[in-house]
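Participant: Let me begin by handing over the structure; questions about it come next.
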Amino acid sequence: MSDAPFTPTGLDALAPAEVARKAENVGVAKAAMARFDVFVLSVLAGSFIALGAIFATTVTAGGGELPYGVVRLLAGLVFTLGLILVVVAGAELFTGNNLIVMAWASRRVATAQLLANWTIVFAGNFVGALGTAALLFVSEQYSFGGGEVGESILAIGVAKTTLGFLQAVALGMLCNALVCLAVWLTYGAHTTTDKILAIIPPIAAFVASGFEHSVANMYFISIALLVKTDEAFVSALDPQLDLSELTVQSFLLDNLLPVTIGNILGGAVMVGAVYWLVYLRPRSQAAG
């Protein structure tokens, strides 16, 4: 047996400063992608996040007898499927792409490129999430569990469309700080297993805590609006839910708008800008 010490060269996770440089390079690559490719991959991301949301809704449906925290933890753990698919399978997610701001701050990405990427990805995510919601509605999966899945869908939609504007902004900030930290951790990983393990705790934390994710809400509220149109299903619910606040207007103006603002602040400012200031900002020679 050799007495040489074990040196796991190449196996250690990247140090934070190296992660910052990788995040910057990834931002440059994302901004330079062909717009058609970006759109297609963003549609996939919207669908992937919707699949995580479907998983979470189904697992927690009818879980009212369990403690609140346990139900939320279960929802968070299974919802991680969405970002795992985005990162490992490959897709473009608006909230994660807020980190492109690091390359923009280093002047390696133009403002027009940054805004174009965010706009295309946001639109593609919306298409993917809405398409998945429509497919789920046609499948009538919401009627499973004696209608408990559909009841949970409606309750989630109502809760999200009745948030206060500033409350939704704050919840969005907290959410995307965790999402971007999850993406940040994957940049330091070397294997698929590393990436999956890095994703689970931050994503489970934001879901369990009730924070607001714009792309997830594209699915959550869209499917709730669709289920609301099934008058026979809704009328059979006992007890009845007050769905008066669940409207397209409340979806777009009372939830998606403030949550998106919060997501940008949480991801681009609270994570991207902070790490850029620490690791990537230009420094004078005198400052060392």
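Identifiers for the structure tokens are assigned positionally: chains receive A, B, ... in sequence, residues are indexed from 1 per chain, and ligands are indexed from 1 in the order shown.
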Using only C-alpha atoms, which protein or nucleic acid residues come within 7 Å of Asn125 of chain A? Drop anything in the same chain fewer than 5 positions from it, and give the result as an MDAnalysis selection string.
Facilitator: chainID A and resid 42:43 45:46 93 215
Participant: Would you kindly return, as a ChimeraX atom specification, each protein, DNA or RNA residue with an atom no farther than 9 Å from any atom of Tyr275 of chain A, considering only C-alpha atoms and excluding same-chain residues fewer than 5 positions away?
Facilitator: /A:16-17,20,102,270,280
Participant: Could you save those same residues with N, CA and C atoms as a PDB file, in the first residue's frame?
Facilitator:
```
ATOM      1  N   PRO A  16     -15.336  30.468  -3.031  1.00  0.00           N
ATOM      2  CA  PRO A  16     -16.275  31.534  -3.399  1.00  0.00           C
ATOM      3  C   PRO A  16     -15.762  32.487  -4.470  1.00  0.00           C
ATOM      4  N   ALA A  17     -14.498  32.866  -4.412  1.00  0.00           N
ATOM      5  CA  ALA A  17     -13.965  33.783  -5.427  1.00  0.00           C
ATOM      6  C   ALA A  17     -13.985  33.145  -6.811  1.00  0.00           C
ATOM      7  N   ALA A  20     -17.527  33.123  -8.100  1.00  0.00           N
ATOM      8  CA  ALA A  20     -17.889  34.440  -8.628  1.00  0.00           C
ATOM      9  C   ALA A  20     -17.411  34.602 -10.064  1.00  0.00           C
ATOM     10  N   MET A 102     -23.995  40.167 -12.623  1.00  0.00           N
ATOM     11  CA  MET A 102     -22.583  40.173 -12.254  1.00  0.00           C
ATOM     12  C   MET A 102     -21.712  40.450 -13.481  1.00  0.00           C
ATOM     13  N   MET A 270     -29.348  41.466  -3.839  1.00  0.00           N
ATOM     14  CA  MET A 270     -28.967  40.853  -2.571  1.00  0.00           C
ATOM     15  C   MET A 270     -27.922  39.750  -2.735  1.00  0.00           C
ATOM     16  N   LEU A 280     -15.403  40.713  -7.403  1.00  0.00           N
ATOM     17  CA  LEU A 280     -15.136  41.056  -8.798  1.00  0.00           C
ATOM     18  C   LEU A 280     -14.952  42.543  -9.070  1.00  0.00           C
TER      19      LEU A 280
END
```
Participant: Kindly give the distance, in Å, that separates atom CA of Ser139 of chain A and atom CA of Thr80 of chain A, rounded to a single decimal.
Facilitator: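 Rounded to one decimal, the two atoms are 23.2 Å apart.
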Participant: Leaving out Ala133 of chain A and any residue of its chain fewer than 4 positions from it, which residues lie within 9 Å of it when counting only C-alpha atoms, given as a list in words?
Facilitator: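 The contact residues come out as Ser47, Ala50, Gly128, Ala129, Phe137, Val138, Met218, Tyr219, Phe220, Ser222, Ile223, Ala224 and Leu226 of chain A.
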Participant: Point out the residue among A:Phe126, A:Ile100, A:Ile196, A:Pro239 with the least atom-to-atom distance to Ala155 of chain A, counting only C-alpha atoms.
Facilitator: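 Residue with the minimum atom-to-atom distance to Ala155 of chain A: A:Pro239.
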